[in-house]
>>> print(open('structure-v2.csv').read())   # CSV, C-alpha atoms
chain,number,residue,atom,x,y,z
C,1,MET,CA,-46.2,64.4,-38.8
C,2,ASN,CA,-43.4,63.2,-36.4
C,3,ASN,CA,-40.4,62.1,-38.4
C,4,GLU,CA,-38.0,61.7,-35.4
C,5,LYS,CA,-36.1,58.4,-35.4
C,6,PRO,CA,-36.4,56.3,-32.2
C,7,ARG,CA,-33.7,57.4,-29.9
C,8,GLY,CA,-31.5,54.8,-28.0
C,9,MET,CA,-32.1,52.0,-30.5
C,10,ALA,CA,-28.3,51.6,-31.3
C,11,GLY,CA,-27.5,51.5,-27.6
C,12,THR,CA,-30.1,48.9,-27.0
C,13,ILE,CA,-28.8,46.7,-29.8
C,14,MET,CA,-25.3,47.1,-28.5
C,15,VAL,CA,-26.4,46.0,-25.0
C,16,ILE,CA,-28.1,43.0,-26.5
C,17,MET,CA,-25.1,42.0,-28.5
C,18,VAL,CA,-22.8,42.4,-25.4
C,19,PHE,CA,-25.2,40.2,-23.3
C,20,GLY,CA,-25.2,37.6,-26.1
C,21,LEU,CA,-21.5,37.5,-26.2
C,22,LEU,CA,-21.3,37.2,-22.4
C,23,VAL,CA,-23.8,34.3,-22.5
C,24,SER,CA,-21.8,32.5,-25.2
C,25,ILE,CA,-18.5,32.9,-23.3
C,26,SER,CA,-20.2,31.8,-20.1
C,27,THR,CA,-21.7,28.7,-21.8
C,28,ALA,CA,-18.4,27.8,-23.4
C,29,TYR,CA,-16.6,28.2,-20.0
C,30,ILE,CA,-19.1,26.0,-18.3
C,31,LYS,CA,-18.8,23.3,-21.0
C,32,MET,CA,-15.0,23.5,-20.7
C,33,VAL,CA,-15.1,23.0,-17.0
C,34,GLN,CA,-17.5,20.1,-17.3
C,35,THR,CA,-15.2,18.5,-19.9
C,36,GLU,CA,-12.2,19.0,-17.7
C,37,THR,CA,-14.0,17.5,-14.7
C,38,GLN,CA,-15.1,14.5,-16.8
C,39,VAL,CA,-11.5,14.0,-18.1
C,40,GLN,CA,-10.0,14.4,-14.6
C,41,GLY,CA,-12.5,11.9,-13.3
C,42,MET,CA,-11.6,9.4,-16.0
C,43,ILE,CA,-7.9,9.9,-15.2
C,44,ASP,CA,-8.5,9.4,-11.5
C,45,ASN,CA,-10.5,6.2,-12.1
C,46,SER,CA,-7.7,4.9,-14.4
C,47,ASP,CA,-5.2,5.6,-11.6
C,48,ARG,CA,-7.4,3.6,-9.2
C,49,ALA,CA,-7.3,0.7,-11.6
C,50,LEU,CA,-3.5,1.0,-11.6
C,51,ASP,CA,-3.5,1.1,-7.7
C,52,ALA,CA,-5.5,-2.2,-7.8
C,53,ALA,CA,-2.9,-3.8,-10.1
C,54,PHE,CA,-0.1,-2.6,-7.8
C,55,SER,CA,-2.0,-4.2,-4.9
C,56,GLY,CA,-1.6,-7.5,-6.8
C,57,VAL,CA,2.1,-7.0,-7.2
C,58,ASN,CA,2.5,-6.2,-3.5
C,59,MET,CA,0.4,-9.2,-2.4
C,60,VAL,CA,2.6,-11.6,-4.4
C,61,MET,CA,5.8,-10.0,-3.1
C,62,ALA,CA,4.5,-10.3,0.5
C,63,ILE,CA,3.6,-14.0,0.1
C,64,THR,CA,6.9,-14.9,-1.6
C,65,GLN,CA,8.8,-12.9,1.0
C,66,SER,CA,7.5,-15.3,3.7
C,67,GLN,CA,9.0,-18.4,2.0
C,68,LYS,CA,12.4,-19.3,3.4
C,69,LEU,CA,13.3,-21.2,0.3
C,70,MET,CA,12.8,-18.1,-1.8
C,71,PHE,CA,16.3,-17.0,-0.6
C,72,THR,CA,18.2,-20.2,-1.7
C,73,ASP,CA,20.3,-19.4,-4.7
C,74,ASP,CA,19.6,-22.6,-6.5
C,75,SER,CA,17.7,-23.0,-9.8
C,76,THR,CA,16.4,-26.4,-8.7
C,77,ILE,CA,15.1,-25.2,-5.3
C,78,ALA,CA,13.6,-22.2,-7.2
C,79,LYS,CA,11.0,-24.6,-8.7
C,80,GLU,CA,9.5,-25.0,-5.2
C,81,ARG,CA,8.7,-21.3,-4.9
C,82,ARG,CA,5.2,-20.0,-4.8
C,83,TYR,CA,4.0,-19.2,-8.3
C,84,PHE,CA,0.5,-18.0,-9.2
C,85,ILE,CA,-1.0,-19.7,-12.2
C,86,ALA,CA,-4.3,-19.9,-14.1
C,87,PRO,CA,-7.5,-21.2,-12.6
C,88,ALA,CA,-9.2,-24.1,-14.3
C,89,PRO,CA,-10.2,-24.4,-17.1
C,90,LEU,CA,-7.7,-21.7,-18.2
C,91,THR,CA,-4.2,-22.9,-18.9
C,92,THR,CA,-0.7,-21.7,-17.8
C,93,ASP,CA,1.7,-21.3,-20.7
C,94,TRP,CA,5.4,-20.7,-19.9
C,95,THR,CA,6.8,-22.5,-23.0
C,96,THR,CA,6.2,-19.7,-25.5
C,97,GLY,CA,7.7,-16.9,-23.4
C,98,LEU,CA,10.3,-18.6,-21.2
C,99,ASN,CA,11.3,-21.6,-23.3
C,100,THR,CA,10.4,-23.9,-20.4
C,101,PRO,CA,7.1,-25.8,-19.9
C,102,PHE,CA,4.9,-25.5,-16.8
C,103,SER,CA,4.1,-28.7,-14.9
C,104,ALA,CA,2.4,-29.0,-11.5
C,105,ALA,CA,4.7,-31.9,-10.8
C,106,VAL,CA,7.8,-29.8,-11.4
C,107,TYR,CA,6.4,-26.7,-9.6
C,108,PRO,CA,4.6,-28.3,-6.6
C,109,ASN,CA,3.8,-25.0,-4.9
C,110,ALA,CA,2.2,-23.3,-7.8
C,111,THR,CA,-1.2,-22.0,-6.8
C,112,ASN,CA,-4.3,-21.4,-8.9
C,113,THR,CA,-5.7,-18.0,-8.6
C,114,ASP,CA,-8.3,-15.7,-10.0
C,115,TRP,CA,-9.8,-12.3,-9.2
C,116,PHE,CA,-9.4,-10.8,-5.8
C,117,TYR,CA,-12.1,-8.3,-4.7
C,118,LEU,CA,-11.0,-5.5,-2.4
C,119,ASP,CA,-13.1,-3.2,-0.3
C,120,GLU,CA,-13.2,0.5,-1.1
C,121,SER,CA,-10.5,1.4,1.5
C,122,LEU,CA,-8.1,-1.2,0.1
C,123,ALA,CA,-7.7,-2.5,3.7
C,124,THR,CA,-8.7,-6.1,3.2
C,125,PHE,CA,-9.4,-8.6,0.5
C,126,ASP,CA,-11.6,-11.6,0.1
C,127,TYR,CA,-10.4,-14.6,-1.9
C,128,GLY,CA,-12.8,-16.9,-3.7
C,129,GLU,CA,-16.0,-14.9,-3.4
C,130,THR,CA,-18.7,-15.5,-5.9
C,131,GLY,CA,-19.9,-12.0,-6.1
C,132,SER,CA,-18.2,-8.6,-6.5
C,133,SER,CA,-21.2,-6.3,-5.9
C,134,THR,CA,-20.2,-2.9,-4.3
C,135,LYS,CA,-16.6,-3.9,-4.4
C,136,PRO,CA,-15.0,-1.5,-6.8
C,137,TYR,CA,-11.3,-2.6,-6.6
C,138,HIS,CA,-10.4,-5.9,-8.3
C,139,PHE,CA,-7.0,-7.5,-9.2
C,140,ARG,CA,-5.6,-10.7,-10.4
C,141,VAL,CA,-2.0,-11.9,-10.8
C,142,THR,CA,0.2,-14.5,-12.4
C,143,SER,CA,3.9,-15.0,-11.6
C,144,TYR,CA,6.8,-17.1,-12.9
C,145,PRO,CA,10.6,-17.3,-12.7
C,146,GLY,CA,13.0,-15.4,-14.8
C,147,THR,CA,14.9,-17.7,-17.2
C,148,THR,CA,17.8,-17.7,-19.6
C,149,ALA,CA,17.3,-18.0,-23.3
C,150,ALA,CA,17.8,-21.8,-22.9
C,151,GLY,CA,15.0,-22.0,-20.4
C,152,VAL,CA,17.1,-22.3,-17.2
C,153,ILE,CA,15.7,-20.6,-14.1
C,154,ILE,CA,17.6,-17.6,-12.9
C,155,PRO,CA,17.3,-17.8,-9.1
C,156,ALA,CA,17.6,-14.1,-8.5
C,157,SER,CA,14.7,-13.2,-10.9
C,158,TYR,CA,10.9,-13.3,-10.3
C,159,THR,CA,8.3,-11.8,-12.6
C,160,ILE,CA,4.8,-10.7,-11.8
C,161,LYS,CA,2.0,-9.7,-14.2
C,162,ALA,CA,-1.0,-8.0,-12.6
C,163,GLN,CA,-4.3,-6.7,-13.8
C,164,GLY,CA,-6.4,-4.1,-11.9
C,165,ARG,CA,-10.0,-3.0,-12.3
C,166,PHE,CA,-12.0,-0.2,-10.8
C,167,LEU,CA,-15.7,-0.4,-11.2
C,168,VAL,CA,-18.0,2.7,-11.0
C,169,TYR,CA,-21.4,1.7,-9.6
C,170,SER,CA,-24.8,3.4,-9.9
C,171,GLY,CA,-26.1,5.3,-6.9
C,172,ASP,CA,-27.9,2.3,-5.5
C,173,SER,CA,-24.9,0.0,-6.2
C,174,THR,CA,-27.0,-2.4,-8.3
C,175,SER,CA,-25.3,-2.0,-11.7
C,176,VAL,CA,-21.8,-1.1,-13.1
C,177,LEU,CA,-21.8,2.1,-15.0
C,178,ALA,CA,-18.1,1.9,-16.1
C,179,THR,CA,-15.1,-0.3,-15.8
C,180,TYR,CA,-11.5,1.1,-15.8
C,181,THR,CA,-8.6,-1.3,-16.3
C,182,SER,CA,-4.9,-1.4,-16.0
C,183,GLN,CA,-2.2,-4.0,-16.5
C,184,ILE,CA,1.4,-4.0,-15.5
C,185,ILE,CA,4.4,-6.3,-15.4
C,186,ALA,CA,6.9,-6.2,-12.6
C,187,ASP,CA,10.5,-7.5,-12.6
C,188,CYS,CA,11.5,-8.4,-9.0
C,189,GLU,CA,15.0,-9.1,-7.8
C,190,ILE,CA,15.8,-11.5,-5.0
C,191,ASN,CA,18.5,-10.2,-2.7
C,192,PHE,CA,19.9,-13.3,-1.1
C,193,PRO,CA,22.2,-11.7,1.5
C,194,ARG,CA,19.5,-9.4,2.8
C,195,LYS,CA,16.7,-11.9,2.2
C,196,VAL,CA,14.5,-9.4,0.5
C,197,VAL,CA,12.2,-9.6,-2.5
C,198,GLN,CA,12.4,-6.1,-4.1
C,199,LEU,CA,10.8,-4.4,-7.0
C,200,LYS,CA,13.4,-3.8,-9.6
C,201,ARG,CA,11.3,-2.2,-12.4
C,202,TRP,CA,7.8,-2.2,-13.8
C,203,ARG,CA,6.0,-1.0,-16.9
C,204,TYR,CA,2.5,-0.8,-18.4
C,205,MET,CA,1.1,-3.5,-20.6
C,206,PRO,CA,-1.9,-3.7,-22.9
C,207,PHE,CA,-4.8,-5.3,-20.9
C,208,GLN,CA,-4.9,-8.9,-22.0
C,209,SER,CA,-7.7,-11.4,-22.3
C,210,ASP,CA,-8.1,-14.5,-20.1
C,211,LEU,CA,-6.3,-16.6,-22.6
C,212,ASP,CA,-3.2,-14.3,-23.0
C,213,PHE,CA,-2.9,-13.1,-19.4
C,214,PHE,CA,-1.6,-16.4,-18.1
C,215,LYS,CA,1.0,-16.7,-20.8
C,216,ALA,CA,4.5,-15.8,-19.5
C,217,VAL,CA,6.4,-13.0,-21.3
C,218,ARG,CA,9.8,-11.7,-20.5
C,219,TYR,CA,10.1,-8.2,-19.1
>>> encode(input="structure-v2.csv", output="structure tokens")
Amino acid sequence: MNNEKPRGMAGTIMVIMVFGLLVSISTAYIKMVQTETQVQGMIDNSDRALDAAFSGVNMVMAITQSQKLMFTDDSTIAKERRYFIAPAPLTTDWTTGLNTPFSAAVYPNATNTDWFYLDESLATFDYGETGSSTKPYHFRVTSYPGTTAAGVIIPASYTIKAQGRFLVYSGDSTSVLATYTSQIIADCEINFPRKVVQLKRWRYMPFQSDLDFFKAVRY
């Protein structure tokens, strides 16, 4: 009778255990890389939404910069500046935040505005389009004067709120898989001697609804 124990069994078991450990480590590493890639992708897309919001701020600054009356240091003349307000049927509310009511008669150059859709290269924009298919970058803005606590316009102050969206489309560009959003508020200073509208400071804001976005708030 052969009573010899199988040789090499302990070594085989050890090899199997080592291979199992390596597979577990490899799987965990792959999962970690996938998670980091997904998180980085989300961060990148959120940054793109922020870029879209900044495009709105830059657009407003460029338009106001072209107005000669922007550089008249007078609170009455400041009412004739270009302000971007809510599109119908939404309403513009300056009373709650600025202690001054908005009226189209008092602010004759106020302009109704809604979402702008940008192409992927951020090179051009189309205003008033009915569709936004295959246009991932969107922004909308609202702007208003800076005021004192008593509601008197400060001629050197101009405030902009901007929302940006970045849409992730399916491979065939027929449906939106995810929407990333960002909202900022920018406090602009008007330099009368140099005739320049310059960004003084900005900060993030919670993304507001249609109703709240067109309500003025102090920086």
>>> residues_around(input="structure-v2.csv", residues="Arg48 of chain C", least_positions_apart="6", cutoff="8 Å", atoms="all atoms listed in the file", output="number ranges by chain")
C: 137, 165-166
>>> atom_distance(input="structure-v2.csv", atom1="atom CA of Phe84 of chain C", atom2="atom CA of Asn191 of chain C")
20.7 Å
>>> residues_around(input="structure-v2.csv", residues="segment 208-210 of chain C", least_positions_apart="2", cutoff="8 Å", atoms="only C-alpha atoms", output="ChimeraX atom specification")
/C:90,183,206,212-214
>>> closest_residue(input="structure-v2.csv", among="C:Ala149, C:Ala88, C:Cys188, C:Val141", to="Arg201 of chain C", atoms="all atoms listed in the file")
C:Cys188
>>> atom_distance(input="structure-v2.csv", atom1="atom CA of Pro108 of chain C", atom2="atom CA of Arg140 of chain C")
20.7 Å
>>> atom_distance(input="structure-v2.csv", atom1="atom CA of Val152 of chain C", atom2="atom CA of Tyr204 of chain C")
26.0 Å
>>> residues_near_point(input="structure-v2.csv", point="(9.0, -17.2, -23.9)", cutoff="9 Å", atoms="all atoms listed in the file", output="list in words")
Asp93, Trp94, Thr95, Thr96, Gly97, Leu98, Asn99, Thr100, Thr147, Ala149, Gly151, Lys215, Ala216, Val217 and Arg218 of chain C
>>> write_last_selection(input="structure-v2.csv", atoms="C-alpha atoms", output="PDB file, in the coordinates of the input")
ATOM      1  CA  ASP C  93       1.700 -21.300 -20.700  1.00  0.00           C
ATOM      2  CA  TRP C  94       5.400 -20.700 -19.900  1.00  0.00           C
ATOM      3  CA  THR C  95       6.800 -22.500 -23.000  1.00  0.00           C
ATOM      4  CA  THR C  96       6.200 -19.700 -25.500  1.00  0.00           C
ATOM      5  CA  GLY C  97       7.700 -16.900 -23.400  1.00  0.00           C
ATOM      6  CA  LEU C  98      10.300 -18.600 -21.200  1.00  0.00           C
ATOM      7  CA  ASN C  99      11.300 -21.600 -23.300  1.00  0.00           C
ATOM      8  CA  THR C 100      10.400 -23.900 -20.400  1.00  0.00           C
ATOM      9  CA  THR C 147      14.900 -17.700 -17.200  1.00  0.00           C
ATOM     10  CA  ALA C 149      17.300 -18.000 -23.300  1.00  0.00           C
ATOM     11  CA  GLY C 151      15.000 -22.000 -20.400  1.00  0.00           C
ATOM     12  CA  LYS C 215       1.000 -16.700 -20.800  1.00  0.00           C
ATOM     13  CA  ALA C 216       4.500 -15.800 -19.500  1.00  0.00           C
ATOM     14  CA  VAL C 217       6.400 -13.000 -21.300  1.00  0.00           C
ATOM     15  CA  ARG C 218       9.800 -11.700 -20.500  1.00  0.00           C
TER      16      ARG C 218
END
>>> residues_around(input="structure-v2.csv", residues="segment 73-81 of chain C", least_positions_apart="2", cutoff="6 Å", atoms="all atoms listed in the file", output="ChimeraX atom specification")
/C:107,109,153,155
>>> closest_residue(input="structure-v2.csv", among="C:Glu189, C:Phe71, C:Ala162, C:Ala156", to="Asp114 of chain C", atoms="only C-alpha atoms")
C:Ala162
>>> build_atoms(input="structure-v2.csv", residues="segment 172-189 of chain C", atoms="N, CA and C atoms", output="PDB file, keeping the file's coordinate frame")
ATOM      1  N   ASP C 172     -27.382   3.341  -6.421  1.00  0.00           N
ATOM      2  CA  ASP C 172     -27.900   2.300  -5.500  1.00  0.00           C
ATOM      3  C   ASP C 172     -27.044   1.048  -5.520  1.00  0.00           C
ATOM      4  N   SER C 173     -25.887   1.115  -6.179  1.00  0.00           N
ATOM      5  CA  SER C 173     -24.900   0.000  -6.200  1.00  0.00           C
ATOM      6  C   SER C 173     -25.476  -1.289  -6.761  1.00  0.00           C
ATOM      7  N   THR C 174     -26.386  -1.154  -7.707  1.00  0.00           N
ATOM      8  CA  THR C 174     -27.000  -2.400  -8.300  1.00  0.00           C
ATOM      9  C   THR C 174     -26.439  -2.670  -9.683  1.00  0.00           C
ATOM     10  N   SER C 175     -25.810  -1.719 -10.326  1.00  0.00           N
ATOM     11  CA  SER C 175     -25.300  -2.000 -11.700  1.00  0.00           C
ATOM     12  C   SER C 175     -23.988  -1.201 -11.866  1.00  0.00           C
ATOM     13  N   VAL C 176     -23.137  -1.740 -12.746  1.00  0.00           N
ATOM     14  CA  VAL C 176     -21.800  -1.100 -13.100  1.00  0.00           C
ATOM     15  C   VAL C 176     -22.012  -0.165 -14.213  1.00  0.00           C
ATOM     16  N   LEU C 177     -21.647   1.092 -13.990  1.00  0.00           N
ATOM     17  CA  LEU C 177     -21.800   2.100 -15.000  1.00  0.00           C
ATOM     18  C   LEU C 177     -20.541   2.156 -15.927  1.00  0.00           C
ATOM     19  N   ALA C 178     -19.373   1.877 -15.366  1.00  0.00           N
ATOM     20  CA  ALA C 178     -18.100   1.900 -16.100  1.00  0.00           C
ATOM     21  C   ALA C 178     -17.074   1.069 -15.462  1.00  0.00           C
ATOM     22  N   THR C 179     -16.183   0.509 -16.268  1.00  0.00           N
ATOM     23  CA  THR C 179     -15.100  -0.300 -15.800  1.00  0.00           C
ATOM     24  C   THR C 179     -13.769   0.252 -16.294  1.00  0.00           C
ATOM     25  N   TYR C 180     -12.856   0.583 -15.414  1.00  0.00           N
ATOM     26  CA  TYR C 180     -11.500   1.100 -15.800  1.00  0.00           C
ATOM     27  C   TYR C 180     -10.511  -0.014 -15.495  1.00  0.00           C
ATOM     28  N   THR C 181      -9.578  -0.225 -16.414  1.00  0.00           N
ATOM     29  CA  THR C 181      -8.600  -1.300 -16.300  1.00  0.00           C
ATOM     30  C   THR C 181      -7.196  -0.862 -16.437  1.00  0.00           C
ATOM     31  N   SER C 182      -6.302  -1.668 -15.882  1.00  0.00           N
ATOM     32  CA  SER C 182      -4.900  -1.400 -16.000  1.00  0.00           C
ATOM     33  C   SER C 182      -4.121  -2.708 -15.876  1.00  0.00           C
ATOM     34  N   GLN C 183      -3.030  -2.848 -16.622  1.00  0.00           N
ATOM     35  CA  GLN C 183      -2.200  -4.000 -16.500  1.00  0.00           C
ATOM     36  C   GLN C 183      -0.733  -3.622 -16.480  1.00  0.00           C
ATOM     37  N   ILE C 184       0.024  -4.255 -15.590  1.00  0.00           N
ATOM     38  CA  ILE C 184       1.400  -4.000 -15.500  1.00  0.00           C
ATOM     39  C   ILE C 184       2.224  -5.282 -15.378  1.00  0.00           C
ATOM     40  N   ILE C 185       3.508  -5.201 -15.664  1.00  0.00           N
ATOM     41  CA  ILE C 185       4.400  -6.300 -15.400  1.00  0.00           C
ATOM     42  C   ILE C 185       5.558  -5.807 -14.568  1.00  0.00           C
ATOM     43  N   ALA C 186       5.923  -6.600 -13.577  1.00  0.00           N
ATOM     44  CA  ALA C 186       6.900  -6.200 -12.600  1.00  0.00           C
ATOM     45  C   ALA C 186       8.075  -7.197 -12.594  1.00  0.00           C
ATOM     46  N   ASP C 187       9.276  -6.694 -12.682  1.00  0.00           N
ATOM     47  CA  ASP C 187      10.500  -7.500 -12.600  1.00  0.00           C
ATOM     48  C   ASP C 187      11.058  -7.383 -11.196  1.00  0.00           C
ATOM     49  N   CYS C 188      11.025  -8.469 -10.431  1.00  0.00           N
ATOM     50  CA  CYS C 188      11.500  -8.400  -9.000  1.00  0.00           C
ATOM     51  C   CYS C 188      12.869  -9.096  -8.950  1.00  0.00           C
ATOM     52  N   GLU C 189      13.672  -8.546  -8.064  1.00  0.00           N
ATOM     53  CA  GLU C 189      15.000  -9.100  -7.800  1.00  0.00           C
ATOM     54  C   GLU C 189      15.068  -9.640  -6.414  1.00  0.00           C
TER      55      GLU C 189
END
